[in-house]
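Below: final-v5.cif (mmCIF, C-alpha atoms and all ligand atoms)
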```
data_entry
loop_
_atom_site.label_atom_id
_atom_site.label_comp_id
_atom_site.auth_asym_id
_atom_site.auth_seq_id
_atom_site.Cartn_x
_atom_site.Cartn_y
_atom_site.Cartn_z
CA MET N 566 244.64 7.29 -119.06
CA ARG N 567 246.67 7.21 -115.89
CA LEU N 568 245.90 4.96 -112.95
CA THR N 569 244.81 8.04 -111.04
CA ASP N 570 241.84 8.16 -113.44
CA VAL N 571 240.80 4.58 -112.66
CA PRO N 572 238.07 4.31 -110.00
CA THR N 573 239.40 3.34 -106.56
CA ALA N 574 237.47 0.05 -106.56
CA GLN N 575 239.19 -0.98 -109.80
CA GLN N 576 242.58 0.03 -108.47
CA ALA N 577 241.99 -2.04 -105.35
CA ALA N 578 241.32 -5.10 -107.51
CA LEU N 579 244.76 -4.75 -109.05
CA PHE N 580 246.59 -5.32 -105.81
CA PRO N 581 246.81 -8.19 -103.36
CA ASP N 582 245.75 -6.88 -99.93
CA ALA N 583 249.19 -7.32 -98.37
CA SER N 584 250.94 -5.13 -100.91
CA ARG N 585 248.37 -2.55 -101.91
CA PRO N 586 249.98 0.89 -102.19
CA GLU N 587 248.73 3.59 -99.90
CA ARG N 588 248.24 6.17 -102.67
CA PRO N 589 247.06 5.94 -106.31
CA LEU N 590 249.79 5.32 -108.84
CA LEU N 591 250.71 7.84 -111.52
CA PHE N 592 250.84 5.26 -114.32
CA ARG N 593 248.47 2.68 -115.69
CA ASP N 594 250.64 -0.38 -116.11
CA LEU N 595 254.25 -1.49 -116.41
CA GLN N 596 254.25 -0.85 -120.17
CA GLU N 597 254.43 2.86 -119.42
CA ILE N 598 257.48 2.29 -117.21
CA GLN N 599 259.00 -0.03 -119.83
CA ASP N 600 258.48 2.49 -122.66
CA ARG N 601 260.09 5.29 -120.67
CA LEU N 602 263.10 3.15 -119.78
CA LEU N 603 263.54 1.85 -123.34
CA THR N 604 263.40 5.38 -124.73
CA TRP N 605 265.82 6.62 -122.07
CA TRP N 606 268.41 3.87 -122.61
CA GLY N 607 267.91 3.96 -126.38
CA GLU N 608 267.99 0.20 -126.87
CA PRO N 609 266.63 -2.97 -125.30
CA PRO N 610 268.88 -5.02 -123.03
CA ALA N 611 271.23 -7.48 -124.74
CA PRO N 612 269.62 -10.93 -125.05
CA ARG N 613 270.32 -13.14 -122.06
CA GLU N 614 272.44 -16.28 -122.40
CA VAL N 615 269.84 -18.82 -121.34
CA TRP N 616 271.06 -21.73 -119.20
CA ASP N 617 269.45 -24.89 -117.92
CA PRO N 618 267.56 -24.48 -114.59
CA LEU N 619 270.33 -26.04 -112.47
CA THR N 620 273.05 -23.76 -113.85
CA GLN N 621 270.76 -20.76 -113.38
CA LEU N 622 270.12 -21.78 -109.77
CA ILE N 623 273.87 -22.10 -109.10
CA TYR N 624 274.42 -18.65 -110.62
CA SER N 625 271.59 -17.14 -108.56
CA LEU N 626 272.94 -18.58 -105.31
CA CYS N 627 276.44 -17.26 -106.04
CA SER N 628 275.32 -13.83 -107.28
CA SER N 629 273.38 -12.59 -104.30
CA ARG N 630 274.80 -9.19 -103.16
CA THR N 631 277.53 -9.50 -105.81
CA LYS N 632 278.14 -7.24 -108.82
CA ASP N 633 277.26 -8.69 -112.24
CA ALA N 634 280.86 -8.78 -113.49
CA GLU N 635 282.02 -10.73 -110.43
CA SER N 636 279.02 -13.07 -110.64
CA GLN N 637 279.80 -13.82 -114.29
CA ALA N 638 283.46 -14.41 -113.47
CA THR N 639 282.43 -16.70 -110.60
CA ILE N 640 280.17 -18.98 -112.67
CA LEU N 641 282.89 -19.20 -115.34
CA ALA N 642 285.44 -20.14 -112.67
CA LEU N 643 283.08 -22.82 -111.33
CA ARG N 644 282.56 -24.18 -114.83
CA GLU N 645 286.28 -24.16 -115.52
CA ARG N 646 287.18 -25.99 -112.32
CA PHE N 647 284.20 -28.33 -111.80
CA GLY N 648 282.29 -28.28 -115.09
CA GLY N 649 282.58 -31.95 -115.80
CA TRP N 650 285.41 -32.61 -118.24
CA PRO N 651 289.16 -32.79 -117.68
CA SER N 652 289.73 -29.78 -119.91
CA GLY N 653 286.42 -28.08 -119.10
CA PRO N 654 283.24 -28.21 -121.22
CA ASN N 655 282.98 -26.39 -124.52
CA SER N 656 279.48 -25.07 -123.98
CA TRP N 657 276.94 -24.57 -121.21
CA ASP N 658 274.90 -27.47 -122.63
CA GLU N 659 277.74 -29.84 -121.76
CA VAL N 660 278.21 -28.71 -118.17
CA ARG N 661 277.79 -31.36 -115.46
CA TRP N 662 277.81 -30.17 -111.85
CA GLU N 663 278.50 -33.45 -110.02
CA ARG N 664 282.15 -32.51 -109.44
CA LEU N 665 281.04 -29.26 -107.83
CA ARG N 666 278.65 -31.17 -105.55
CA ASP N 667 281.40 -33.63 -104.58
CA ALA N 668 284.16 -31.04 -104.09
CA SER N 669 285.23 -30.01 -100.60
CA VAL N 670 283.78 -26.84 -99.11
CA ALA N 671 287.32 -25.40 -99.07
CA GLU N 672 287.73 -25.98 -102.83
CA ILE N 673 284.36 -24.42 -103.57
CA GLU N 674 285.06 -21.46 -101.30
CA ASP N 675 288.37 -20.90 -103.07
CA THR N 676 286.58 -20.80 -106.45
CA LEU N 677 283.94 -18.41 -105.12
CA ARG N 678 286.48 -15.85 -103.90
CA LEU N 679 285.24 -13.14 -106.32
CA ALA N 680 281.71 -13.37 -104.91
CA THR N 681 280.62 -11.92 -101.58
CA PHE N 682 280.42 -14.25 -98.56
CA PRO N 683 282.30 -17.13 -100.29
CA ASP N 684 282.48 -19.19 -97.06
CA ARG N 685 278.73 -19.11 -96.47
CA LYS N 686 277.89 -19.59 -100.15
CA ALA N 687 280.24 -22.57 -100.50
CA VAL N 688 278.45 -24.43 -97.70
CA GLN N 689 275.05 -23.48 -99.09
CA LEU N 690 275.91 -24.47 -102.66
CA LYS N 691 277.21 -27.89 -101.68
CA ARG N 692 274.19 -28.54 -99.45
CA THR N 693 271.83 -27.44 -102.23
CA LEU N 694 273.37 -29.77 -104.82
CA GLU N 695 273.37 -32.67 -102.35
CA ARG N 696 269.73 -31.95 -101.45
CA ILE N 697 268.68 -31.97 -105.12
CA THR N 698 270.45 -35.31 -105.60
CA GLU N 699 268.68 -36.77 -102.54
CA ARG N 700 265.27 -35.55 -103.68
CA VAL N 701 265.57 -36.37 -107.39
CA GLY N 702 267.99 -39.31 -107.43
CA SER N 703 270.37 -37.43 -109.74
CA LEU N 704 271.78 -33.94 -110.05
CA SER N 705 269.38 -32.36 -112.51
CA LEU N 706 266.43 -29.98 -112.51
CA ALA N 707 265.27 -30.93 -116.02
CA PHE N 708 262.15 -32.59 -114.53
CA LEU N 709 260.86 -29.15 -113.45
CA ALA N 710 259.79 -28.48 -117.04
CA LYS N 711 256.82 -30.80 -116.41
CA TYR N 712 255.65 -28.88 -113.32
CA ARG N 713 253.28 -25.94 -113.08
CA THR N 714 255.09 -22.64 -112.40
CA ASP N 715 253.84 -22.31 -108.81
CA LYS N 716 255.02 -25.85 -108.06
CA VAL N 717 258.44 -25.15 -109.59
CA ARG N 718 258.83 -22.08 -107.40
CA ALA N 719 257.78 -23.89 -104.24
CA TRP N 720 260.19 -26.74 -105.03
CA ILE N 721 263.12 -24.35 -105.53
CA GLU N 722 262.31 -22.33 -102.40
CA GLU N 723 262.61 -25.44 -100.24
CA LEU N 724 266.31 -25.69 -101.13
CA PRO N 725 268.95 -24.24 -98.76
CA GLY N 726 269.50 -20.55 -99.41
CA ALA N 727 266.99 -20.28 -102.27
CA GLY N 728 264.32 -17.63 -101.73
CA VAL N 729 261.74 -15.91 -103.85
CA LYS N 730 264.32 -14.12 -106.02
CA ALA N 731 266.17 -17.33 -106.84
CA SER N 732 262.94 -19.17 -107.68
CA ALA N 733 261.83 -16.33 -109.95
CA ALA N 734 265.23 -16.29 -111.67
CA VAL N 735 265.13 -20.04 -112.32
CA VAL N 736 261.59 -19.82 -113.68
CA ASN N 737 262.11 -16.68 -115.77
CA PHE N 738 265.77 -16.60 -116.85
CA SER N 739 266.48 -20.31 -117.45
CA SER N 740 265.34 -22.48 -120.34
CA LEU N 741 262.02 -22.90 -118.47
CA ARG N 742 261.24 -19.31 -119.62
CA ARG N 743 258.01 -18.82 -117.65
CA ARG N 744 256.38 -15.60 -116.46
CA ALA N 745 257.87 -14.26 -113.21
CA ILE N 746 259.69 -11.09 -112.17
CA ALA N 747 262.92 -11.51 -110.22
CA ILE N 748 262.93 -8.79 -107.55
CA ASP N 749 266.44 -7.84 -106.52
CA GLY N 750 267.33 -5.01 -104.14
CA HIS N 751 267.22 -2.41 -106.94
CA HIS N 752 263.77 -3.47 -108.10
CA GLN N 753 262.42 -3.61 -104.55
CA ARG N 754 263.72 -0.11 -103.75
CA ILE N 755 262.41 1.43 -107.00
CA ALA N 756 258.96 -0.18 -106.65
CA ILE N 757 258.70 1.35 -103.19
CA ARG N 758 259.92 4.78 -104.34
CA LEU N 759 257.52 4.70 -107.32
CA GLY N 760 254.71 4.09 -104.85
CA ILE N 761 253.85 0.67 -106.27
CA ALA N 762 254.49 -1.04 -102.95
CA PRO N 763 254.49 0.13 -99.34
CA ALA N 764 257.77 1.00 -97.63
CA ASN N 765 258.07 -2.31 -95.80
CA ALA N 766 257.10 -4.55 -98.75
CA THR N 767 259.07 -7.77 -99.14
CA ALA N 768 260.39 -8.99 -102.49
CA ARG N 769 257.51 -11.48 -102.63
CA GLN N 770 254.95 -8.73 -102.03
CA VAL N 771 256.58 -6.47 -104.63
CA GLU N 772 256.46 -9.23 -107.24
CA ALA N 773 252.84 -10.02 -106.32
CA THR N 774 252.02 -6.36 -106.87
CA LEU N 775 253.96 -5.95 -110.12
CA VAL N 776 252.70 -9.03 -111.97
CA PRO N 777 249.04 -7.82 -112.12
CA LEU N 778 250.39 -4.55 -113.57
CA THR N 779 251.98 -6.35 -116.55
CA PRO N 780 250.02 -6.07 -119.81
CA VAL N 781 248.41 -9.30 -121.01
CA GLY N 782 250.80 -9.60 -123.95
CA TRP N 783 253.96 -9.59 -121.86
CA THR N 784 255.95 -12.78 -122.30
CA ALA N 785 258.60 -14.26 -120.04
CA ILE N 786 261.21 -12.46 -122.15
CA THR N 787 259.44 -9.09 -121.70
CA MET N 788 259.46 -9.64 -117.94
CA ASP N 789 263.15 -10.50 -118.06
CA GLU N 790 263.83 -7.29 -120.03
CA HIS N 791 261.81 -5.29 -117.51
CA HIS N 792 263.89 -6.72 -114.68
CA THR N 793 267.11 -5.76 -116.49
CA LEU N 794 265.92 -2.22 -117.34
CA VAL N 795 264.80 -1.47 -113.78
CA LYS N 796 267.99 -2.95 -112.32
CA LYS N 797 270.07 -0.72 -114.61
CA LEU N 798 268.09 2.30 -113.42
CA GLY N 799 268.82 1.28 -109.84
CA GLN N 800 272.52 0.94 -110.57
CA ARG N 801 272.91 4.26 -112.36
CA VAL N 802 270.12 6.68 -111.37
CA CYS N 803 268.00 5.54 -108.42
CA SER N 804 270.68 4.11 -106.18
CA LEU N 805 270.45 3.08 -102.56
CA ARG N 806 272.57 6.04 -101.57
CA GLU N 807 270.78 8.68 -103.67
CA ALA N 808 267.80 9.07 -105.99
CA HIS N 809 268.79 11.36 -108.88
CA CYS N 810 265.17 12.29 -109.66
CA THR N 811 265.92 15.35 -111.80
CA ARG N 812 267.56 13.19 -114.47
CA CYS N 813 265.31 10.15 -114.10
CA PRO N 814 263.03 9.09 -116.98
CA LEU N 815 260.40 7.99 -114.44
CA ARG N 816 260.17 11.22 -112.46
CA GLU N 817 256.73 12.16 -113.88
CA VAL N 818 255.18 8.82 -112.92
CA CYS N 819 257.04 8.34 -109.64
CA LEU N 820 255.47 9.38 -106.35
CA THR N 821 258.88 10.14 -104.82
CA GLY N 822 260.11 12.01 -107.93
CA SER N 823 256.92 14.08 -108.20
CA ALA N 824 256.95 14.89 -104.49
CA ALA N 825 260.57 16.07 -104.84
CA ALA N 826 259.64 18.26 -107.85
CA THR N 827 256.68 19.79 -105.95
CA SER N 828 258.83 20.64 -102.95
CA ARG N 829 261.40 22.31 -105.23
CA SER N 830 258.78 24.50 -107.00
S1 LIG K 901 262.05 9.66 -109.91
FE1 LIG K 901 263.59 9.51 -108.28
S2 LIG K 901 262.78 8.06 -106.76
FE2 LIG K 901 261.58 7.84 -108.66
S3 LIG K 901 262.56 6.14 -109.75
FE3 LIG K 901 263.47 8.05 -110.51
S4 LIG K 901 265.29 8.43 -109.26
FE4 LIG K 901 264.02 6.88 -108.21
#
```

Could you spell out this file's structure in structure tokens?
Amino acid sequence: MRLTDVPTAQQAALFPDASRPERPLLFRDLQEIQDRLLTWWGEPPAPREVWDPLTQLIYSLCSSRTKDAESQATILALRERFGGWPSGPNSWDEVRWERLRDASVAEIEDTLRLATFPDRKAVQLKRTLERITERVGSLSLAFLAKYRTDKVRAWIEELPGAGVKASAAVVNFSSLRRRAIAIDGHHQRIAIRLGIAPANATARQVEATLVPLTPVGWTAITMDEHHTLVKKLGQRVCSLREAHCTRCPLREVCLTGSAAATSRS
């Protein structure tokens, strides 16, 4: 059964008021989207290398508006230069970020040169690590494991430069491994084109709309995989510049894709 078959009152209950779509959706839940994407790509995403929450936060702050390859190279460069040991740590478990916190902004900016906006991010990163140290008494986010998910997200979002996407990434991608969907620009754009969220929906509203559409059995890892699959679609098929609907695996359940097909026929 498609969501178009679900009575309007039931559909309304699925959505928070602020992000309710203007028209009925063409699919029942995100499993249908997930199945189509998995079939299309032919395999699930490679398992994520899971880091501690602090390392994930550092990565998220550096990676905004930066391609994945450059983001990966940037976190490796930070680890190499400031990771805590004279010769660099052997594994992510051994990384200590105090030297990054105590480095000059110029040194940090130099190490961030592969990322976008290295000057702004260097200031932000140093301020964030100093703020954590002031609030916690040491540079660690391990204590977050004892907090409820909503409290973790609020705590992260009070840090300089950390918004809803960074808090979702820390909660979902790191060793905390809780349920959340990180909404990047690709995911936001595709949710709007699918008709899940209205055209002006923020990342927070898109996430608030998507989470009730996840099947009960979805774990944190399933949500992470969903994020990766949708992001890949945004990079290769449904880009900012052009939506290639005729070769998209979601065209039959996408309001934009179906409207395009109707206008062609
Ligand atoms: S059908 Fe078109 S608009 Fe919809 S997700 Fe695919 S490429 Fe994007």

Handout entry: Within 12 Å of Gly728 of chain N using all atoms listed in the file, minus same-chain residues under 6 positions, as a PyMOL selection string
Key = chain N and resi 622+625-626+629+718-722+734-735+747-749+767-769

Exercise for the section: Counting all atoms listed in the file, name the residues that have an atom within 12 Å of an atom of ligand LIG 901 (chain K); the answer should be given as a PyMOL selection string. Expected result: chain N and resi 591+598+601-602+605+751-761+794-826

Next, dump the selected residues to file, keeping only C-alpha atoms, as a PDB file, keeping the file's coordinate frame.
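Below is the file that was written, part-v4.pdb:
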```
ATOM      1  CA  LEU N 591     250.710   7.840-111.520  1.00  0.00           C
ATOM      2  CA  ILE N 598     257.480   2.290-117.210  1.00  0.00           C
ATOM      3  CA  ARG N 601     260.090   5.290-120.670  1.00  0.00           C
ATOM      4  CA  LEU N 602     263.100   3.150-119.780  1.00  0.00           C
ATOM      5  CA  TRP N 605     265.820   6.620-122.070  1.00  0.00           C
ATOM      6  CA  HIS N 751     267.220  -2.410-106.940  1.00  0.00           C
ATOM      7  CA  HIS N 752     263.770  -3.470-108.100  1.00  0.00           C
ATOM      8  CA  GLN N 753     262.420  -3.610-104.550  1.00  0.00           C
ATOM      9  CA  ARG N 754     263.720  -0.110-103.750  1.00  0.00           C
ATOM     10  CA  ILE N 755     262.410   1.430-107.000  1.00  0.00           C
ATOM     11  CA  ALA N 756     258.960  -0.180-106.650  1.00  0.00           C
ATOM     12  CA  ILE N 757     258.700   1.350-103.190  1.00  0.00           C
ATOM     13  CA  ARG N 758     259.920   4.780-104.340  1.00  0.00           C
ATOM     14  CA  LEU N 759     257.520   4.700-107.320  1.00  0.00           C
ATOM     15  CA  GLY N 760     254.710   4.090-104.850  1.00  0.00           C
ATOM     16  CA  ILE N 761     253.850   0.670-106.270  1.00  0.00           C
ATOM     17  CA  LEU N 794     265.920  -2.220-117.340  1.00  0.00           C
ATOM     18  CA  VAL N 795     264.800  -1.470-113.780  1.00  0.00           C
ATOM     19  CA  LYS N 796     267.990  -2.950-112.320  1.00  0.00           C
ATOM     20  CA  LYS N 797     270.070  -0.720-114.610  1.00  0.00           C
ATOM     21  CA  LEU N 798     268.090   2.300-113.420  1.00  0.00           C
ATOM     22  CA  GLY N 799     268.820   1.280-109.840  1.00  0.00           C
ATOM     23  CA  GLN N 800     272.520   0.940-110.570  1.00  0.00           C
ATOM     24  CA  ARG N 801     272.910   4.260-112.360  1.00  0.00           C
ATOM     25  CA  VAL N 802     270.120   6.680-111.370  1.00  0.00           C
ATOM     26  CA  CYS N 803     268.000   5.540-108.420  1.00  0.00           C
ATOM     27  CA  SER N 804     270.680   4.110-106.180  1.00  0.00           C
ATOM     28  CA  LEU N 805     270.450   3.080-102.560  1.00  0.00           C
ATOM     29  CA  ARG N 806     272.570   6.040-101.570  1.00  0.00           C
ATOM     30  CA  GLU N 807     270.780   8.680-103.670  1.00  0.00           C
ATOM     31  CA  ALA N 808     267.800   9.070-105.990  1.00  0.00           C
ATOM     32  CA  HIS N 809     268.790  11.360-108.880  1.00  0.00           C
ATOM     33  CA  CYS N 810     265.170  12.290-109.660  1.00  0.00           C
ATOM     34  CA  THR N 811     265.920  15.350-111.800  1.00  0.00           C
ATOM     35  CA  ARG N 812     267.560  13.190-114.470  1.00  0.00           C
ATOM     36  CA  CYS N 813     265.310  10.150-114.100  1.00  0.00           C
ATOM     37  CA  PRO N 814     263.030   9.090-116.980  1.00  0.00           C
ATOM     38  CA  LEU N 815     260.400   7.990-114.440  1.00  0.00           C
ATOM     39  CA  ARG N 816     260.170  11.220-112.460  1.00  0.00           C
ATOM     40  CA  GLU N 817     256.730  12.160-113.880  1.00  0.00           C
ATOM     41  CA  VAL N 818     255.180   8.820-112.920  1.00  0.00           C
ATOM     42  CA  CYS N 819     257.040   8.340-109.640  1.00  0.00           C
ATOM     43  CA  LEU N 820     255.470   9.380-106.350  1.00  0.00           C
ATOM     44  CA  THR N 821     258.880  10.140-104.820  1.00  0.00           C
ATOM     45  CA  GLY N 822     260.110  12.010-107.930  1.00  0.00           C
ATOM     46  CA  SER N 823     256.920  14.080-108.200  1.00  0.00           C
ATOM     47  CA  ALA N 824     256.950  14.890-104.490  1.00  0.00           C
ATOM     48  CA  ALA N 825     260.570  16.070-104.840  1.00  0.00           C
ATOM     49  CA  ALA N 826     259.640  18.260-107.850  1.00  0.00           C
TER      50      ALA N 826
END
```

Practice task
Tell me which of N:Leu724, N:Ala671, N:Leu706, N:Ile640 sits closest to Ala687 of chain N, counting all atoms listed in the file.
Solution key: N:Ala671

Problem - Glu635 of chain N environment, 9 Å, all atoms listed in the file, sequence neighbours closer than 6 positions dropped, as JSON, numbers by chain - result: {"N": [628, 679, 680]}

Exercise for the section: Mind checking which residues fall within 7 Å of Leu741 of chain N, counting only C-alpha atoms, ignoring those fewer than 3 positions away in the same chain, and posting them as a VMD selection string? Expected result: chain N and resid 618 710 736 to 737

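With all atoms listed in the file as the atoms that count, the residue of N:Ala727, N:Leu694, N:Thr676, N:Ser740 with the shortest distance to Trp616 of chain N is N:Ser740.
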
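The nearest approach to Leu590 of chain N among the residues N:Val670, N:Ala762, N:Ala634, N:Leu665, with all atoms listed in the file taken into account, belongs to N:Ala762.
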
Exercise for the section: Tell me which of N:Val776, N:Ile746, N:Val701, N:Ala764 sits closest to Met788 of chain N, counting all atoms listed in the file. Expected result: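 Among the listed residues, the smallest separation from Met788 of chain N belongs to N:Ile746.
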
Practice task
Find, counting all atoms listed in the file, the residue in N:Lys711, N:Arg685, N:Arg744, N:Arg678 that gets nearest to Pro780 of chain N.
Solution key: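 Using all atoms listed in the file, Pro780 of chain N sits closest to N:Arg744.
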
Handout entry: Distance in Å - atom CA of Leu704 of chain N versus atom CA of Arg666 of chain N
Key =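 Atom CA of Arg666 of chain N lies 8.7 Å from atom CA of Leu704 of chain N.
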
Handout entry: Interatomic distance, atom CA of Leu595 of chain N to atom CA of Leu778 of chain N (Å, one decimal)
Key = 5.7 Å

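When atom CA of Leu643 of chain N is paired with atom CA of Arg700 of chain N, their separation reads 23.2 Å.
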
For Tyr624 of chain N, work out the shell of residues within 9 Å, counting all atoms listed in the file and skipping chain neighbours fewer than 6 positions away, then give it as a compact mmCIF listing (two decimals) with C-alpha atoms, keeping the file's coordinate frame.
```txt
# COMPACT_ATOMS: atom_id res chain seq x y z
CA SER N 636 279.02 -13.07 -110.64
CA GLN N 637 279.80 -13.82 -114.29
CA THR N 639 282.43 -16.70 -110.60
CA ILE N 640 280.17 -18.98 -112.67
```

Practice task
Write out as a VMD selection string which residues come within 7 Å of Gly649 of chain N when counting only C-alpha atoms, dropping same-chain ones fewer than 5 positions away.
Solution key: chain N and resid 654 660 to 662 664

Practice task
Choose the residue, out of N:Glu695, N:Asp600, N:Asp617, N:Asp594, that has the smallest atom-to-atom separation from Glu790 of chain N; count all atoms listed in the file.
Solution key: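 Under the stated criterion, the closest residue is N:Asp600.
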